[in-house]
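For reference, entry-v4.cif is printed below; it contains mmCIF, C-alpha atoms.
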data_protein
loop_
_atom_site.group_PDB
_atom_site.id
_atom_site.type_symbol
_atom_site.label_atom_id
_atom_site.label_comp_id
_atom_site.auth_asym_id
_atom_site.auth_seq_id
_atom_site.Cartn_x
_atom_site.Cartn_y
_atom_site.Cartn_z
ATOM 1 C CA MET A 405 7.745 -8.040 6.650
ATOM 2 C CA PRO A 406 5.942 -4.771 7.376
ATOM 3 C CA GLU A 407 2.364 -5.527 8.425
ATOM 4 C CA LEU A 408 -0.772 -3.394 8.536
ATOM 5 C CA PRO A 409 0.353 -1.145 11.429
ATOM 6 C CA GLU A 410 3.656 -0.340 9.720
ATOM 7 C CA VAL A 411 1.869 0.526 6.463
ATOM 8 C CA GLU A 412 -0.678 2.667 8.310
ATOM 9 C CA VAL A 413 2.117 4.453 10.204
ATOM 10 C CA THR A 414 3.756 5.121 6.824
ATOM 11 C CA ARG A 415 0.493 6.400 5.341
ATOM 12 C CA ARG A 416 -0.062 8.790 8.225
ATOM 13 C CA GLY A 417 3.502 10.008 7.915
ATOM 14 C CA VAL A 418 3.388 10.788 4.197
ATOM 15 C CA GLU A 419 -0.181 12.112 4.059
ATOM 16 C CA PRO A 420 0.543 15.712 5.117
ATOM 17 C CA HIS A 421 3.308 15.955 2.513
ATOM 18 C CA LEU A 422 1.283 14.477 -0.372
ATOM 19 C CA SER A 423 -2.440 15.078 -0.027
ATOM 20 C CA GLY A 424 -3.573 17.843 -2.357
ATOM 21 C CA LYS A 425 -0.085 18.262 -3.830
ATOM 22 C CA LEU A 426 0.939 18.288 -7.502
ATOM 23 C CA VAL A 427 3.370 15.642 -8.767
ATOM 24 C CA THR A 428 6.110 17.351 -10.755
ATOM 25 C CA ASP A 429 8.220 14.343 -11.738
ATOM 26 C CA VAL A 430 8.666 10.587 -11.340
ATOM 27 C CA ILE A 431 12.205 9.187 -11.310
ATOM 28 C CA MET A 432 12.602 5.433 -11.833
ATOM 29 C CA ARG A 433 16.120 4.080 -11.283
ATOM 30 C CA ARG A 434 15.331 0.520 -12.353
ATOM 31 C CA ALA A 435 12.690 -1.228 -14.454
ATOM 32 C CA GLY A 436 10.774 -2.558 -11.499
ATOM 33 C CA LEU A 437 10.812 -4.494 -8.248
ATOM 34 C CA ARG A 438 8.687 -7.605 -7.693
ATOM 35 C CA TRP A 439 6.835 -6.612 -10.855
ATOM 36 C CA PRO A 440 7.833 -4.100 -13.568
ATOM 37 C CA PHE A 441 7.019 -0.454 -12.984
ATOM 38 C CA PRO A 442 4.477 0.981 -15.440
ATOM 39 C CA THR A 443 6.757 2.302 -18.173
ATOM 40 C CA ASN A 444 4.568 5.371 -18.690
ATOM 41 C CA LEU A 445 4.379 6.257 -14.991
ATOM 42 C CA PRO A 446 6.133 9.664 -15.364
ATOM 43 C CA ALA A 447 3.679 10.678 -18.089
ATOM 44 C CA LEU A 448 0.745 9.335 -16.052
ATOM 45 C CA LEU A 449 1.559 11.270 -12.887
ATOM 46 C CA ALA A 450 3.523 14.419 -13.810
ATOM 47 C CA GLY A 451 1.242 17.433 -13.567
ATOM 48 C CA ARG A 452 -1.424 15.475 -11.703
ATOM 49 C CA ARG A 453 -2.625 16.180 -8.182
ATOM 50 C CA ILE A 454 -2.693 13.606 -5.386
ATOM 51 C CA LEU A 455 -6.225 13.820 -4.021
ATOM 52 C CA THR A 456 -5.622 11.798 -0.885
ATOM 53 C CA THR A 457 -3.758 8.831 0.559
ATOM 54 C CA GLY A 458 -5.314 5.536 1.586
ATOM 55 C CA ARG A 459 -4.537 1.981 2.560
ATOM 56 C CA ARG A 460 -6.019 -1.384 1.636
ATOM 57 C CA GLY A 461 -4.501 -4.204 3.643
ATOM 58 C CA LYS A 462 -0.747 -3.783 3.248
ATOM 59 C CA TYR A 463 -1.058 -1.609 0.120
ATOM 60 C CA LEU A 464 -0.471 2.125 0.431
ATOM 61 C CA LEU A 465 -2.694 4.026 -1.995
ATOM 62 C CA LEU A 466 -2.061 7.389 -3.646
ATOM 63 C CA GLN A 467 -5.358 8.419 -5.164
ATOM 64 C CA PHE A 468 -5.568 10.613 -8.262
ATOM 65 C CA GLU A 469 -8.581 11.733 -10.269
ATOM 66 C CA HIS A 470 -7.648 9.351 -13.087
ATOM 67 C CA GLY A 471 -6.509 6.338 -11.032
ATOM 68 C CA THR A 472 -4.660 5.004 -8.018
ATOM 69 C CA LEU A 473 -0.980 4.274 -7.408
ATOM 70 C CA LEU A 474 -0.520 1.132 -5.291
ATOM 71 C CA ILE A 475 2.676 0.771 -3.281
ATOM 72 C CA HIS A 476 3.651 -2.408 -1.414
ATOM 73 C CA LEU A 477 6.683 -2.319 0.875
ATOM 74 C CA GLY A 478 7.542 -5.983 0.330
ATOM 75 C CA MET A 479 9.852 -7.571 2.896
ATOM 76 C CA SER A 480 12.300 -4.758 3.526
ATOM 77 C CA GLY A 481 10.962 -1.614 1.903
ATOM 78 C CA HIS A 482 10.212 1.776 3.381
ATOM 79 C CA LEU A 483 9.208 5.229 2.219
ATOM 80 C CA ARG A 484 10.651 8.573 3.236
ATOM 81 C CA VAL A 485 9.878 12.175 2.340
ATOM 82 C CA LEU A 486 13.193 13.855 1.494
ATOM 83 C CA ASP A 487 14.669 16.885 -0.228
ATOM 84 C CA LYS A 488 14.399 16.024 -3.922
ATOM 85 C CA ASN A 489 18.048 16.980 -4.462
ATOM 86 C CA LEU A 490 19.379 14.497 -1.908
ATOM 87 C CA PRO A 491 21.515 11.991 -3.875
ATOM 88 C CA PRO A 492 19.966 8.505 -3.977
ATOM 89 C CA ALA A 493 21.584 5.596 -2.157
ATOM 90 C CA LYS A 494 22.124 2.132 -3.633
ATOM 91 C CA HIS A 495 18.642 0.766 -2.918
ATOM 92 C CA ASP A 496 16.626 3.933 -3.607
ATOM 93 C CA HIS A 497 14.601 2.779 -6.603
ATOM 94 C CA ILE A 498 11.893 5.337 -7.307
ATOM 95 C CA ASP A 499 11.038 8.970 -6.430
ATOM 96 C CA ILE A 500 7.621 10.601 -6.664
ATOM 97 C CA VAL A 501 8.614 14.280 -6.760
ATOM 98 C CA VAL A 502 6.235 16.796 -5.202
ATOM 99 C CA GLY A 503 7.578 20.353 -5.316
ATOM 100 C CA GLU A 504 10.847 20.517 -3.395
ATOM 101 C CA PHE A 505 10.353 17.083 -1.860
ATOM 102 C CA ALA A 506 10.407 13.493 -3.062
ATOM 103 C CA LEU A 507 8.600 10.427 -1.780
ATOM 104 C CA ARG A 508 11.504 7.985 -2.074
ATOM 105 C CA MET A 509 11.087 4.208 -1.970
ATOM 106 C CA THR A 510 13.983 2.186 -0.611
ATOM 107 C CA ASP A 511 13.848 -1.593 -0.959
ATOM 108 C CA PRO A 512 17.080 -3.598 -0.505
ATOM 109 C CA ARG A 513 15.499 -6.991 -1.235
ATOM 110 C CA ARG A 514 13.316 -5.703 -4.087
ATOM 111 C CA PHE A 515 10.132 -7.588 -3.118
ATOM 112 C CA GLY A 516 8.094 -4.389 -3.045
ATOM 113 C CA ALA A 517 5.840 -3.112 -5.800
ATOM 114 C CA VAL A 518 4.640 0.102 -7.426
ATOM 115 C CA LEU A 519 1.580 -0.458 -9.616
ATOM 116 C CA TRP A 520 -1.038 1.665 -11.358
ATOM 117 C CA HIS A 521 -4.801 1.096 -11.458
ATOM 118 C CA ASP A 522 -6.489 3.305 -14.018
ATOM 119 C CA ALA A 523 -9.915 4.677 -13.156
ATOM 120 C CA ALA A 524 -11.071 3.592 -16.610
ATOM 121 C CA ASP A 525 -10.540 -0.035 -15.540
ATOM 122 C CA GLY A 526 -13.234 0.195 -12.875
ATOM 123 C CA ASP A 527 -13.353 0.361 -9.096
ATOM 124 C CA LEU A 528 -10.083 -0.270 -7.251
ATOM 125 C CA GLU A 529 -11.751 -3.111 -5.341
ATOM 126 C CA GLU A 530 -11.822 -5.031 -8.631
ATOM 127 C CA HIS A 531 -8.032 -4.880 -9.014
ATOM 128 C CA LEU A 532 -6.488 -8.368 -9.236
ATOM 129 C CA LEU A 533 -4.460 -7.885 -6.033
ATOM 130 C CA ILE A 534 -7.268 -6.219 -4.068
ATOM 131 C CA ARG A 535 -10.444 -8.110 -4.896
ATOM 132 C CA GLN A 536 -9.563 -11.237 -2.886
ATOM 133 C CA LEU A 537 -8.798 -9.295 0.288
ATOM 134 C CA GLY A 538 -11.006 -9.593 3.349
ATOM 135 C CA VAL A 539 -12.504 -6.774 5.387
ATOM 136 C CA GLU A 540 -10.371 -4.125 7.059
ATOM 137 C CA PRO A 541 -9.916 -4.985 10.765
ATOM 138 C CA LEU A 542 -10.191 -1.372 11.937
ATOM 139 C CA GLU A 543 -13.382 -0.568 10.041
ATOM 140 C CA ALA A 544 -17.061 -1.108 10.857
ATOM 141 C CA GLY A 545 -17.465 -4.132 8.571
ATOM 142 C CA PHE A 546 -15.240 -6.220 10.824
ATOM 143 C CA ASN A 547 -17.301 -7.798 13.596
ATOM 144 C CA PRO A 548 -17.628 -11.055 15.615
ATOM 145 C CA GLU A 549 -20.626 -12.212 13.583
ATOM 146 C CA LEU A 550 -18.590 -12.051 10.381
ATOM 147 C CA LEU A 551 -15.748 -14.083 11.913
ATOM 148 C CA TYR A 552 -18.191 -16.663 13.252
ATOM 149 C CA LYS A 553 -20.198 -16.984 10.028
ATOM 150 C CA LEU A 554 -17.233 -17.307 7.670
ATOM 151 C CA THR A 555 -15.393 -19.887 9.774
ATOM 152 C CA ARG A 556 -18.164 -22.468 10.274
ATOM 153 C CA ASN A 557 -16.652 -24.835 7.717
ATOM 154 C CA ARG A 558 -13.008 -24.028 8.466
ATOM 155 C CA SER A 559 -11.053 -26.898 10.020
ATOM 156 C CA ALA A 560 -7.748 -25.024 9.756
ATOM 157 C CA PRO A 561 -6.202 -23.561 12.925
ATOM 158 C CA ILE A 562 -7.429 -20.055 13.715
ATOM 159 C CA LYS A 563 -3.914 -18.630 13.369
ATOM 160 C CA GLN A 564 -3.741 -19.866 9.760
ATOM 161 C CA VAL A 565 -7.210 -18.520 9.005
ATOM 162 C CA LEU A 566 -6.219 -15.059 10.223
ATOM 163 C CA LEU A 567 -3.070 -15.084 8.085
ATOM 164 C CA ALA A 568 -4.953 -16.178 4.955
ATOM 165 C CA GLY A 569 -6.400 -12.674 4.579
ATOM 166 C CA ASP A 570 -9.626 -13.665 2.844
ATOM 167 C CA ILE A 571 -11.817 -13.001 5.907
ATOM 168 C CA VAL A 572 -9.896 -10.180 7.548
ATOM 169 C CA VAL A 573 -6.931 -8.500 5.914
ATOM 170 C CA GLY A 574 -3.662 -7.253 7.337
ATOM 171 C CA VAL A 575 -3.450 -9.362 10.512
ATOM 172 C CA GLY A 576 0.025 -10.762 9.855
ATOM 173 C CA ASN A 577 2.143 -13.139 11.872
ATOM 174 C CA ILE A 578 3.165 -10.827 14.707
ATOM 175 C CA TYR A 579 -0.226 -9.298 15.344
ATOM 176 C CA ALA A 580 -2.109 -12.590 14.944
ATOM 177 C CA SER A 581 0.003 -14.120 17.722
ATOM 178 C CA GLU A 582 -0.482 -11.088 19.936
ATOM 179 C CA SER A 583 -4.232 -10.861 19.274
ATOM 180 C CA LEU A 584 -4.823 -14.540 20.013
ATOM 181 C CA PHE A 585 -2.990 -14.133 23.309
ATOM 182 C CA ARG A 586 -5.134 -11.151 24.280
ATOM 183 C CA ALA A 587 -8.261 -13.145 23.424
ATOM 184 C CA GLY A 588 -7.084 -16.239 25.325
ATOM 185 C CA ILE A 589 -7.339 -18.478 22.238
ATOM 186 C CA ASN A 590 -4.757 -21.146 21.435
ATOM 187 C CA PRO A 591 -3.410 -20.671 17.870
ATOM 188 C CA LYS A 592 -3.941 -24.391 17.189
ATOM 189 C CA THR A 593 -7.712 -24.223 17.810
ATOM 190 C CA GLN A 594 -9.793 -25.080 14.738
ATOM 191 C CA ALA A 595 -11.474 -21.910 13.478
ATOM 192 C CA GLY A 596 -14.792 -23.683 13.009
ATOM 193 C CA ARG A 597 -14.923 -24.750 16.655
ATOM 194 C CA ILE A 598 -14.634 -21.254 18.121
ATOM 195 C CA SER A 599 -17.866 -19.849 19.543
ATOM 196 C CA LEU A 600 -19.396 -16.460 18.792
ATOM 197 C CA LYS A 601 -18.587 -15.409 22.356
ATOM 198 C CA ARG A 602 -14.893 -16.138 21.837
ATOM 199 C CA TYR A 603 -14.900 -14.453 18.429
ATOM 200 C CA THR A 604 -16.255 -11.373 20.198
ATOM 201 C CA LEU A 605 -13.136 -11.444 22.359
ATOM 202 C CA LEU A 606 -10.905 -12.010 19.329
ATOM 203 C CA GLU A 607 -12.413 -9.169 17.308
ATOM 204 C CA ALA A 608 -11.830 -6.757 20.194
ATOM 205 C CA ALA A 609 -8.297 -8.115 20.693
ATOM 206 C CA ILE A 610 -7.386 -7.624 17.026
ATOM 207 C CA ARG A 611 -8.629 -4.046 17.061
ATOM 208 C CA ALA A 612 -6.827 -3.273 20.310
ATOM 209 C CA THR A 613 -3.561 -4.901 19.218
ATOM 210 C CA LEU A 614 -3.437 -3.112 15.870
ATOM 211 C CA ALA A 615 -4.410 0.233 17.397
ATOM 212 C CA ALA A 616 -1.673 -0.097 20.039
ATOM 213 C CA ALA A 617 0.896 -1.018 17.393
ATOM 214 C CA ILE A 618 -0.020 1.983 15.248
ATOM 215 C CA GLU A 619 0.200 4.260 18.273
ATOM 216 C CA ALA A 620 3.674 2.854 19.008
ATOM 217 C CA GLY A 621 4.845 3.459 15.445
ATOM 218 C CA GLY A 622 4.724 -0.225 14.485
ATOM 219 C CA SER A 623 7.410 -2.787 15.227
ATOM 220 C CA THR A 624 11.106 -2.746 14.407
ATOM 221 C CA LEU A 625 11.190 -5.296 11.595
ATOM 222 C CA LYS A 626 14.583 -5.685 9.954
ATOM 223 C CA ASP A 627 14.894 -2.644 7.671
ATOM 224 C CA PHE A 628 11.476 -1.123 8.289
ATOM 225 C CA MET A 629 11.344 2.497 9.368
ATOM 226 C CA GLY A 630 8.769 5.235 9.295
ATOM 227 C CA VAL A 631 8.945 8.207 6.972
ATOM 228 C CA ASP A 632 10.841 10.117 9.648
ATOM 229 C CA GLY A 633 13.583 7.473 9.645
ATOM 230 C CA GLN A 634 12.587 6.136 13.071
ATOM 231 C CA SER A 635 11.636 2.545 13.853
ATOM 232 C CA GLY A 636 8.567 1.636 15.866
ATOM 233 C CA TYR A 637 8.770 0.270 19.386
ATOM 234 C CA PHE A 638 5.679 -1.957 19.748
ATOM 235 C CA GLN A 639 8.005 -4.966 20.025
ATOM 236 C CA GLN A 640 8.901 -3.764 23.515
ATOM 237 C CA SER A 641 5.411 -4.704 24.693
ATOM 238 C CA TYR A 642 4.947 -8.067 22.951
ATOM 239 C CA PHE A 643 3.118 -10.554 25.143
ATOM 240 C CA VAL A 644 4.279 -13.671 23.289
ATOM 241 C CA TYR A 645 5.770 -12.980 19.856
ATOM 242 C CA ASP A 646 9.483 -13.871 19.672
ATOM 243 C CA ARG A 647 9.571 -14.557 23.436
ATOM 244 C CA THR A 648 10.157 -18.313 23.339
ATOM 245 C CA GLY A 649 11.033 -19.659 26.782
ATOM 246 C CA GLU A 650 10.502 -16.334 28.494
ATOM 247 C CA PRO A 651 7.863 -16.072 31.240
ATOM 248 C CA CYS A 652 4.337 -15.094 30.220
ATOM 249 C CA ARG A 653 3.706 -11.506 31.279
ATOM 250 C CA VAL A 654 0.389 -12.597 32.824
ATOM 251 C CA CYS A 655 0.917 -15.992 34.463
ATOM 252 C CA GLY A 656 4.664 -16.650 34.377
ATOM 253 C CA GLU A 657 4.398 -19.855 32.289
ATOM 254 C CA ALA A 658 7.139 -20.212 29.652
ATOM 255 C CA VAL A 659 6.086 -18.944 26.212
ATOM 256 C CA ARG A 660 6.017 -21.732 23.626
ATOM 257 C CA GLN A 661 6.886 -21.685 19.929
ATOM 258 C CA ILE A 662 5.497 -23.956 17.204
ATOM 259 C CA LYS A 663 5.510 -23.998 13.413
ATOM 260 C CA GLN A 664 2.238 -23.453 11.568
ATOM 261 C CA GLY A 665 2.383 -23.313 7.787
ATOM 262 C CA GLN A 666 6.109 -22.500 7.774
ATOM 263 C CA ARG A 667 5.511 -19.588 10.169
ATOM 264 C CA SER A 668 6.360 -19.447 13.858
ATOM 265 C CA SER A 669 3.512 -19.112 16.331
ATOM 266 C CA PHE A 670 4.066 -18.047 19.920
ATOM 267 C CA TYR A 671 1.611 -18.651 22.745
ATOM 268 C CA CYS A 672 1.077 -19.351 26.435
ATOM 269 C CA ALA A 673 -0.436 -22.794 26.976
ATOM 270 C CA LYS A 674 -1.864 -21.714 30.329
ATOM 271 C CA CYS A 675 -3.507 -18.458 29.233
ATOM 272 C CA GLN A 676 -4.640 -19.641 25.796
ATOM 273 C CA LYS A 677 -7.108 -22.512 25.550
#
Could you write out this file's structure as structure tokens?
Amino acid sequence: MPELPEVEVTRRGVEPHLSGKLVTDVIMRRAGLRWPFPTNLPALLAGRRILTTGRRGKYLLLQFEHGTLLIHLGMSGHLRVLDKNLPPAKHDHIDIVVGEFALRMTDPRRFGAVLWHDAADGDLEEHLLIRQLGVEPLEAGFNPELLYKLTRNRSAPIKQVLLAGDIVVGVGNIYASESLFRAGINPKTQAGRISLKRYTLLEAAIRATLAAAIEAGGSTLKDFMGVDGQSGYFQQSYFVYDRTGEPCRVCGEAVRQIKQGQRSSFYCAKCQK
């Protein structure tokens, strides 16, 4: 599933083509994906200008004066900016047409979403899918003190706490494993037993891991690709993720794999305590 870096790479890719541009048409080729498309979406957006693009967690945001379009890539979705006259392929479900170009959403497994939040319904942060999200890991509100304070009563393993998304958002399975390795923290460690000093290391590791992944264009995850049709290459520098049995890049110990909440965790027992 595309994680925060992949969504941010997508946002940066589409932003120059969309920001400040007028939507001329919306073409929906099915009724919806994970949830139904707003039936009046063409009427809502045609003739309206995209003010800017944004991101909240794994949601890409297209911001208009009268509301915000939320796009989630699901498990296999991606967005591309194409010539509007290019014939759609089988899994091309919706086009946001801007002049001679179209922002086209492709989603073979149809777990993605395109939703509308009207400005009349209040601040976007009050949206049902947004209001439970934690702080953004690349913004100023994310700090070691926050991690320490909000985990004092958490007995769950730190890996599970990171994935929950209610403290910090967007640190998915790949980048949680990689961040914990960089911080030297075992994924099985109870969140409430981690000191402020170690959370300082973890906060820095999360920021560094996500920044490096964005710089590398994200990871190649099944059908994910950027708006230019290219896959990311961060997976080439994984320390532990998906490297079961291979030697740790730091100490040479074999990387281990365990199951935590139906998800695989990868770690080095020697480097991570």
For stretch 499-597 of chain A versus stretch 465-480 of chain A, which residues have an atom no more than 6 Å away, and what is each residue's nearest atom pair and distance in Å rounded to one decimal, using all atoms listed in the file, chain-then-number order, as a tab-separated table?
residue	atom	partner	partner_atom	distance
A:Asp511	CA	A:Ser480	CA	5.7
A:Phe515	CA	A:Gly478	CA	4.6
A:Gly516	CA	A:Gly478	CA	3.8
A:Ala517	CA	A:His476	CA	5.0
A:Val518	CA	A:Ile475	CA	4.6
A:Leu519	CA	A:Leu474	CA	5.1
A:Trp520	CA	A:Leu473	CA	4.7
A:His521	CA	A:Thr472	CA	5.2
A:Asp522	CA	A:Gly471	CA	4.3
A:Ala523	CA	A:Gly471	CA	4.3
The PyMOL selection byres ((chain A and resi 549) around 8) resolved against shown file, as a ChimeraX atom specification: /A:547-548,550-553,600,603-604
For those residues, write C-alpha atoms to a file as a CSV table (one decimal), in the frame of the given file.
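Wrote part35.csv, looks like this:
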chain,number,residue,atom,x,y,z
A,547,ASN,CA,-17.3,-7.8,13.6
A,548,PRO,CA,-17.6,-11.1,15.6
A,550,LEU,CA,-18.6,-12.1,10.4
A,551,LEU,CA,-15.7,-14.1,11.9
A,552,TYR,CA,-18.2,-16.7,13.3
A,553,LYS,CA,-20.2,-17.0,10.0
A,600,LEU,CA,-19.4,-16.5,18.8
A,603,TYR,CA,-14.9,-14.5,18.4
A,604,THR,CA,-16.3,-11.4,20.2
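Checking A:Val644, A:Leu426, A:Leu532, A:Val485 one by one against A:Leu584, counting all atoms listed in the file, you find the shortest gap at A:Val644.
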Within 8 Å of A:Arg597 using all atoms listed in the file, minus same-chain residues under 4 positions, as a ChimeraX atom specification: /A:556,559,593
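Residues lying within 10 Å of (3.4, -17.1, 17.1). Counted over only C-alpha atoms, they are A:Lys563, A:Asn577, A:Ile578, A:Tyr579, A:Ala580, A:Ser581, A:Glu582, A:Leu584, A:Phe585, A:Pro591, A:Val644, A:Tyr645, A:Asp646, A:Arg647, A:Thr648, A:Val659, A:Arg660, A:Gln661, A:Ile662, A:Lys663, A:Gln664, A:Arg667, A:Ser668, A:Ser669, A:Phe670, A:Tyr671, A:Cys672.
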Selection: 10 Å around stretch 449-463 of chain A, only C-alpha atoms, excl. self and same-chain fewer than 5 positions, as a VMD selection string: chain A and resid 406 to 412 414 to 416 418 to 420 422 to 430 444 468 to 478 500 to 502 517 to 518 528 to 529 533 to 534 537 to 541 569 572 to 576
Residues returned when the PyMOL selection byres ((chain A and resi 594) around 8) runs on this file, as an MDAnalysis selection string: chainID A and resid 558:562 592:593 595:598
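Atom pair atom CA of A:Gln676 / atom CA of A:Gly545 has a distance of 26.5 Å (rounded to one decimal).
Nearest to A:Gly588 of all the residues A:Met509, A:Ile571, A:Cys675, A:Val654 is A:Cys675, based on only C-alpha atoms.
The spacing separating atom CA of A:Ile498 from atom CA of A:Leu483 amounts to 9.9 Å.
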Residue nearest A:Arg535 - candidates A:Thr510, A:Ala608, A:Glu650, A:Asp570, atoms counted: only C-alpha atoms: A:Asp570
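Going from atom CA of A:Pro446 over to atom CA of A:Arg434, you cover 13.3 Å.
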Subset file as a JSON list (two decimals), in the first residue's frame: stretch 470-484 of chain A, N, CA and C atoms:
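The file below, selection-v8.json, is the result:
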[["chain", "number", "residue", "atom", "x", "y", "z"],
["A", 470, "HIS", "N", -14.49, 26.51, -2.36],
["A", 470, "HIS", "CA", -15.74, 26.04, -1.75],
["A", 470, "HIS", "C", -15.63, 24.65, -1.12],
["A", 471, "GLY", "N", -14.42, 24.09, -1.05],
["A", 471, "GLY", "CA", -14.26, 22.78, -0.41],
["A", 471, "GLY", "C", -12.96, 22.11, -0.80],
["A", 472, "THR", "N", -12.85, 20.85, -0.44],
["A", 472, "THR", "CA", -11.62, 20.09, -0.67],
["A", 472, "THR", "C", -11.95, 18.72, -1.23],
["A", 473, "LEU", "N", -11.25, 18.33, -2.29],
["A", 473, "LEU", "CA", -11.36, 16.98, -2.84],
["A", 473, "LEU", "C", -10.29, 16.12, -2.17],
["A", 474, "LEU", "N", -10.71, 15.01, -1.57],
["A", 474, "LEU", "CA", -9.80, 14.08, -0.91],
["A", 474, "LEU", "C", -9.62, 12.86, -1.81],
["A", 475, "ILE", "N", -8.37, 12.49, -2.05],
["A", 475, "ILE", "CA", -8.07, 11.33, -2.88],
["A", 475, "ILE", "C", -7.18, 10.38, -2.10],
["A", 476, "HIS", "N", -7.60, 9.13, -1.99],
["A", 476, "HIS", "CA", -6.80, 8.09, -1.33],
["A", 476, "HIS", "C", -6.45, 7.05, -2.38],
["A", 477, "LEU", "N", -5.18, 6.67, -2.43],
["A", 477, "LEU", "CA", -4.71, 5.74, -3.46],
["A", 477, "LEU", "C", -5.03, 4.28, -3.18],
["A", 478, "GLY", "N", -5.54, 4.00, -1.97],
["A", 478, "GLY", "CA", -5.89, 2.61, -1.65],
["A", 478, "GLY", "C", -4.68, 1.71, -1.64],
["A", 479, "MET", "N", -4.83, 0.49, -2.13],
["A", 479, "MET", "CA", -3.75, -0.50, -2.10],
["A", 479, "MET", "C", -2.94, -0.52, -3.39],
["A", 480, "SER", "N", -3.53, -0.09, -4.48],
["A", 480, "SER", "CA", -2.83, -0.23, -5.76],
["A", 480, "SER", "C", -3.02, 0.96, -6.69],
["A", 481, "GLY", "N", -3.53, 2.07, -6.15],
["A", 481, "GLY", "CA", -3.85, 3.19, -7.01],
["A", 481, "GLY", "C", -2.67, 4.10, -7.30],
["A", 482, "HIS", "N", -2.77, 4.85, -8.38],
["A", 482, "HIS", "CA", -1.81, 5.90, -8.66],
["A", 482, "HIS", "C", -2.46, 6.96, -9.54],
["A", 483, "LEU", "N", -1.86, 8.12, -9.56],
["A", 483, "LEU", "CA", -2.34, 9.25, -10.34],
["A", 483, "LEU", "C", -1.30, 9.62, -11.38],
["A", 484, "ARG", "N", -1.78, 10.02, -12.55],
["A", 484, "ARG", "CA", -0.89, 10.51, -13.59],
["A", 484, "ARG", "C", -1.53, 11.73, -14.27]]
